[in-house]
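**Q** Have a look at this one.
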There are 2 protein chains.
Amino acid sequence: MQDKIYLEILDKYSLSNTKSRRVLFHIIASSKKPLSATEIIDRASGTMDKTTVYRTLDTFEKTGLIKHVSIGWKQKFELSDNFTHHHHHMSCIVCGKVTSFEESYKLLAELERLEEAYRFIIDEHVIELHGRCISCSR
Amino acid sequence: MQDKIYLEILDKYSLSNTKSRRVLFHIIASSKKPLSATEIIDRASGTMDKTTVYRTLDTFEKTGLIKHVSIGWKQKFELSDNFTHHHHHMSCIVCGKVTSFEESYKLLAELERLEEAYRFIIDEHVIELHGRCISCSR
DNA sequence: CTAACTGCAAAACTTTTGCATTAGT
DNA sequence: ACTAATGCAAAAGTTTTGCAGTTAG
């Protein structure tokens with residue numbers, strides 16, 4: 001299923017389905033948490049050059065295959081909402097565990113209110129929560 | 001007023017009120033928008049070494065004088081909520097204009113609901129909106 | 001005076017660029 | 001075969017480290 005969308009997007013933008021791209025897509029798709037550029041370079045090392053990683057991440061991001069999210073200080077990458085339900089992250093500052101959550105209707109309604117109030121068209125919203133998970137909070 | 005809080009925090013952590021720190025605090029305090037490390041280094045150049053900038057930003061962040069926010073791809077710095085009302089940013093992807101907004105009570109209530117639902121204690125939340133401001137949206 | 005802070009030089013790490021070679025369709 | 005994609009080497013940019021010298025309290 002994910003592969004089908006992957007191929008469709010490559011096709012849509014007339015991009016070749018190269019080995020590097022398949023490997024990189026797989027690395028990101030199979031990770032349970034968002035990965036930083038460096039983490040991806042490490043996991044891809046041996047298979048491709050880091051230059052290719054940067055270029056491919058850029059391509060993947062521009063075509064909507066992946067998106068970047070802010071986790072703490074870093075920018076990390078994960079599959080775009082084309083593959084997963086739109087969601088956000090809460091990360092535990094103690095153990096580093098990253099939990100995904102979907103926003104509620106009420107929250108979306110609040111964003112719409114902000115659009116009105118500030119006369120601003122919201123194309124994208126990022127919500128990031130930091131704190132302590134149940135195991136680390138006692 | 002800001003200076004008073006600045007001095008109090010330095011005092012609280014037994015930090016010296018050095019020239020570099022005063023200059024750096026002033027650069028951040030007087031900027032209308034959050035600044036990246038590089039932007040701060042540029043503005044401070046001539047006055048101090050970049051090493052000092054990095055070390056000072058680190059100190060300022062740890063002591064709660066400043067905080068970092070995600071604007072697009074970058075991490076930027078601004079005064080912490082000790083100086084300003086807690087707020088978030090919406091940035092225009094066309095002209096780059098950054099507008100601040102305060103979150104509503106409803107939004108906070110939603111965050112509390114999330115704490116319950118996911119059994120997670122939220123210490124900090126980041127909300128970042130990207131889109132187009134009124135002037136750029138037509 | 002002396003502990004904290006800073007500057008400098010160098011290293012480490014991250015990202016970008018140009019060009020020659022290779023691989024995909 | 002032709003173009004897009006990759007690898008390599010080098011440059012550019014960013015952040016960190018160690019140490020010697022300086023400064024604030």
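Letters A, B, ... go to the chains of the structure tokens in the order shown; residues in each chain start at 1; ligands are counted from 1 in the same order.
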Quick one: which residues from chain D are at most 10 Å off chain A, using only C-alpha atoms (C1' of nucleotides), as number ranges by chain?

**A** D: 4-8

**Q** Please save N, CA, C and O atoms (P, O5', C5', C4', C3', O3' and C1' of nucleotides) of the selected residues as an mmCIF file, in the first residue's frame.

**A**
data_model
loop_
_atom_site.group_PDB
_atom_site.id
_atom_site.type_symbol
_atom_site.label_atom_id
_atom_site.label_comp_id
_atom_site.auth_asym_id
_atom_site.auth_seq_id
_atom_site.Cartn_x
_atom_site.Cartn_y
_atom_site.Cartn_z
ATOM 1 P P DA D 4 16.288 15.389 -17.653
ATOM 2 O "O5'" DA D 4 16.372 14.346 -16.453
ATOM 3 C "C5'" DA D 4 15.544 13.177 -16.481
ATOM 4 C "C4'" DA D 4 16.011 12.267 -15.374
ATOM 5 C "C3'" DA D 4 16.184 12.967 -14.038
ATOM 6 O "O3'" DA D 4 15.736 12.069 -13.045
ATOM 7 C "C1'" DA D 4 18.243 12.023 -14.682
ATOM 8 P P DA D 5 15.782 12.407 -11.515
ATOM 9 O "O5'" DA D 5 17.083 11.635 -11.042
ATOM 10 C "C5'" DA D 5 17.122 10.219 -11.207
ATOM 11 C "C4'" DA D 5 18.421 9.705 -10.660
ATOM 12 C "C3'" DA D 5 18.760 10.186 -9.247
ATOM 13 O "O3'" DA D 5 19.061 9.037 -8.491
ATOM 14 C "C1'" DA D 5 20.585 10.525 -10.701
ATOM 15 P P DT D 6 19.567 9.147 -7.012
ATOM 16 O "O5'" DT D 6 21.127 8.964 -7.207
ATOM 17 C "C5'" DT D 6 21.627 7.712 -7.658
ATOM 18 C "C4'" DT D 6 23.127 7.776 -7.741
ATOM 19 C "C3'" DT D 6 23.820 8.068 -6.411
ATOM 20 O "O3'" DT D 6 24.638 6.958 -6.104
ATOM 21 C "C1'" DT D 6 24.705 9.405 -8.170
ATOM 22 P P DG D 7 25.425 6.872 -4.743
ATOM 23 O "O5'" DG D 7 26.881 7.333 -5.178
ATOM 24 C "C5'" DG D 7 27.554 6.607 -6.202
ATOM 25 C "C4'" DG D 7 28.957 7.162 -6.379
ATOM 26 C "C3'" DG D 7 29.731 7.374 -5.068
ATOM 27 O "O3'" DG D 7 31.064 6.931 -5.317
ATOM 28 C "C1'" DG D 7 29.540 9.443 -6.251
ATOM 29 P P DC D 8 32.111 6.760 -4.144
ATOM 30 O "O5'" DC D 8 33.112 7.974 -4.377
ATOM 31 C "C5'" DC D 8 33.546 8.284 -5.707
ATOM 32 C "C4'" DC D 8 34.177 9.665 -5.717
ATOM 33 C "C3'" DC D 8 34.908 10.044 -4.425
ATOM 34 O "O3'" DC D 8 36.221 10.415 -4.768
ATOM 35 C "C1'" DC D 8 33.478 11.793 -5.126
#

**Q** Would you please extract all strand (DSSP E) residues from region 65-124 of chain A, as assigned by DSSP on the backbone, and give them as a PyMOL selection string?

**A** chain A and resi 66-71+74-79+88-92+98-101+120-124

**Q** Just the number, please: distance in Å from CA of Gly72 (chain A) to CA of Asp11 (chain B), one decimal.

**A**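 Pair CA of Gly72 (chain A) / CA of Asp11 (chain B) returns 27.6 Å.
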
**Q** Any chance you could tabulate, as a tab-separated table, the residues of chain C at most 9 Å from chain B with each one's nearest atom pair and distance in Å to one decimal, using only C-alpha atoms (C1' of nucleotides), in chain and rising number order?

**A**
residue	atom	partner	partner_atom	distance
C:DA4	C1'	B:Ser16	CA	7.6
C:DC5	C1'	B:Thr18	CA	8.1
C:DT6	C1'	B:Thr52	CA	6.6
C:DG7	C1'	B:Asp49	CA	6.5
C:DC8	C1'	B:Asp49	CA	8.8

**Q** Give the alpha helix (DSSP H) residues of region 54-93 of chain B, as DSSP finds them on the backbone, and put them as a list of chain:residue names.

**A**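 Put together, the selection reads B:Tyr54, B:Arg55, B:Thr56, B:Leu57, B:Asp58, B:Thr59, B:Phe60, B:Glu61, B:Lys62.
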
**Q** Could you please select, counting only C-alpha atoms, the residues of chain B within 6 Å of chain A and state them as JSON, numbers by chain?

**A** {"B": [119, 120, 121, 122, 123, 124, 125, 126, 127, 128, 129, 130, 131, 132, 133, 134]}

**Q** Could the residues in this selection be saved with N, CA and C atoms as a PDB file, in the first residue's frame?

**A**
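And here's part.pdb as it stands now:
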ATOM      1  N   ARG B 119      -1.975  10.150  29.085  1.00  0.00           N
ATOM      2  CA  ARG B 119      -1.253   9.991  30.328  1.00  0.00           C
ATOM      3  C   ARG B 119       0.188  10.516  30.195  1.00  0.00           C
ATOM      4  N   PHE B 120       0.230  11.779  29.918  1.00  0.00           N
ATOM      5  CA  PHE B 120       1.496  12.420  29.614  1.00  0.00           C
ATOM      6  C   PHE B 120       1.466  13.804  30.253  1.00  0.00           C
ATOM      7  N   ILE B 121       2.513  14.172  30.949  1.00  0.00           N
ATOM      8  CA  ILE B 121       2.541  15.491  31.558  1.00  0.00           C
ATOM      9  C   ILE B 121       3.223  16.472  30.624  1.00  0.00           C
ATOM     10  N   ILE B 122       2.482  17.446  30.157  1.00  0.00           N
ATOM     11  CA  ILE B 122       3.029  18.401  29.195  1.00  0.00           C
ATOM     12  C   ILE B 122       3.741  19.527  29.927  1.00  0.00           C
ATOM     13  N   ASP B 123       5.049  19.637  29.724  1.00  0.00           N
ATOM     14  CA  ASP B 123       5.805  20.726  30.330  1.00  0.00           C
ATOM     15  C   ASP B 123       5.859  21.924  29.398  1.00  0.00           C
ATOM     16  N   GLU B 124       5.828  21.625  28.121  1.00  0.00           N
ATOM     17  CA  GLU B 124       6.009  22.691  27.142  1.00  0.00           C
ATOM     18  C   GLU B 124       5.251  22.341  25.872  1.00  0.00           C
ATOM     19  N   HIS B 125       4.674  23.335  25.240  1.00  0.00           N
ATOM     20  CA  HIS B 125       4.027  23.072  23.957  1.00  0.00           C
ATOM     21  C   HIS B 125       4.443  24.102  22.925  1.00  0.00           C
ATOM     22  N   VAL B 126       4.608  23.629  21.729  1.00  0.00           N
ATOM     23  CA  VAL B 126       5.019  24.468  20.626  1.00  0.00           C
ATOM     24  C   VAL B 126       3.932  24.415  19.569  1.00  0.00           C
ATOM     25  N   ILE B 127       3.448  25.573  19.167  1.00  0.00           N
ATOM     26  CA  ILE B 127       2.470  25.618  18.086  1.00  0.00           C
ATOM     27  C   ILE B 127       3.021  26.576  17.040  1.00  0.00           C
ATOM     28  N   GLU B 128       3.097  26.109  15.836  1.00  0.00           N
ATOM     29  CA  GLU B 128       3.709  26.907  14.789  1.00  0.00           C
ATOM     30  C   GLU B 128       2.814  26.844  13.567  1.00  0.00           C
ATOM     31  N   LEU B 129       2.427  27.987  13.065  1.00  0.00           N
ATOM     32  CA  LEU B 129       1.553  28.005  11.894  1.00  0.00           C
ATOM     33  C   LEU B 129       2.265  28.602  10.694  1.00  0.00           C
ATOM     34  N   HIS B 130       2.087  27.940   9.570  1.00  0.00           N
ATOM     35  CA  HIS B 130       2.664  28.455   8.330  1.00  0.00           C
ATOM     36  C   HIS B 130       1.545  28.718   7.348  1.00  0.00           C
ATOM     37  N   GLY B 131       1.643  29.813   6.633  1.00  0.00           N
ATOM     38  CA  GLY B 131       0.606  30.089   5.656  1.00  0.00           C
ATOM     39  C   GLY B 131       0.863  31.407   4.972  1.00  0.00           C
ATOM     40  N   ARG B 132      -0.214  32.102   4.677  1.00  0.00           N
ATOM     41  CA  ARG B 132      -0.061  33.354   3.957  1.00  0.00           C
ATOM     42  C   ARG B 132      -0.796  34.476   4.678  1.00  0.00           C
ATOM     43  N   CYS B 133      -0.115  35.584   4.858  1.00  0.00           N
ATOM     44  CA  CYS B 133      -0.730  36.714   5.531  1.00  0.00           C
ATOM     45  C   CYS B 133      -1.716  37.383   4.588  1.00  0.00           C
ATOM     46  N   ILE B 134      -2.487  38.287   5.103  1.00  0.00           N
ATOM     47  CA  ILE B 134      -3.557  38.914   4.320  1.00  0.00           C
ATOM     48  C   ILE B 134      -3.027  39.548   3.034  1.00  0.00           C
TER      49      ILE B 134
END

**Q** Quick one, how far is CA of Ser80 (chain B) from CA of Ile66 (chain B)?

**A**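 Value for the CA of Ser80 (chain B)-CA of Ile66 (chain B) distance: 4.3 Å.
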
**Q** Please identify all polymer residues within 9 Å of DT15 (chain D), counting only C-alpha atoms (C1' of nucleotides), omitting same-chain residues fewer than 4 positions from it, and present them as a ChimeraX atom specification.

**A** /B:51,54 /C:12-13

**Q** Find the residues near DA11 (chain C): any atom within 12 Å, counting only C-alpha atoms (C1' of nucleotides), skip ones fewer than 6 places away on the same chain, and give them as a PDB file with N, CA and C atoms (P, O5', C5', C4', C3', O3' and C1' of nucleotides), in the first residue's frame.

**A**
ATOM      1  P    DT D  15      24.573  26.396  14.240  1.00  0.00           P
ATOM      2  O5'  DT D  15      25.654  25.613  15.122  1.00  0.00           O
ATOM      3  C5'  DT D  15      25.622  24.180  15.113  1.00  0.00           C
ATOM      4  C4'  DT D  15      26.765  23.650  15.928  1.00  0.00           C
ATOM      5  C3'  DT D  15      26.851  24.200  17.357  1.00  0.00           C
ATOM      6  O3'  DT D  15      26.692  23.077  18.223  1.00  0.00           O
ATOM      7  C1'  DT D  15      28.978  24.142  16.328  1.00  0.00           C
ATOM      8  P    DT D  16      26.999  23.076  19.759  1.00  0.00           P
ATOM      9  O5'  DT D  16      28.516  22.588  19.827  1.00  0.00           O
ATOM     10  C5'  DT D  16      28.864  21.351  19.235  1.00  0.00           C
ATOM     11  C4'  DT D  16      30.281  20.989  19.633  1.00  0.00           C
ATOM     12  C3'  DT D  16      30.583  21.140  21.135  1.00  0.00           C
ATOM     13  O3'  DT D  16      31.210  19.934  21.541  1.00  0.00           O
ATOM     14  C1'  DT D  16      32.189  22.323  19.849  1.00  0.00           C
ATOM     15  P    DT D  17      31.680  19.710  23.050  1.00  0.00           P
ATOM     16  O5'  DT D  17      33.246  19.964  23.039  1.00  0.00           O
ATOM     17  C5'  DT D  17      34.040  19.456  21.982  1.00  0.00           C
ATOM     18  C4'  DT D  17      35.500  19.796  22.249  1.00  0.00           C
ATOM     19  C3'  DT D  17      35.875  19.968  23.727  1.00  0.00           C
ATOM     20  O3'  DT D  17      37.069  19.261  23.976  1.00  0.00           O
ATOM     21  C1'  DT D  17      36.514  21.875  22.490  1.00  0.00           C
ATOM     22  P    DG D  18      37.631  19.040  25.464  1.00  0.00           P
ATOM     23  O5'  DG D  18      39.037  19.786  25.415  1.00  0.00           O
ATOM     24  C5'  DG D  18      39.828  19.773  24.231  1.00  0.00           C
ATOM     25  C4'  DG D  18      41.028  20.680  24.430  1.00  0.00           C
ATOM     26  C3'  DG D  18      41.467  20.862  25.889  1.00  0.00           C
ATOM     27  O3'  DG D  18      42.886  20.953  25.894  1.00  0.00           O
ATOM     28  C1'  DG D  18      40.849  22.959  24.998  1.00  0.00           C
TER      29       DG D  18
END

**Q** Suppose you want the space between C1' of DC19 (chain C) and CA of Tyr13 (chain A); what is it in Å?

**A**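 Between these atoms lies a distance of 25.4 Å.
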
**Q** What's around Asn82 (chain B) at 12 Å? Count only C-alpha atoms (C1' of nucleotides), leave out sequence neighbours fewer than 6 positions away in its own chain, and write the answer as a ChimeraX atom specification.

**A** /B:1-6,8-9,29,61,63-67

**Q** Can you pull out every residue within 10 Å of DT14 (chain C), counting only C-alpha atoms (C1' of nucleotides), but drop anything in the same chain fewer than 2 positions away, and send it as an NGL selection string?

**A** (:A and (37-38)) or (:C and (12 or 16)) or (:D and (13-15))
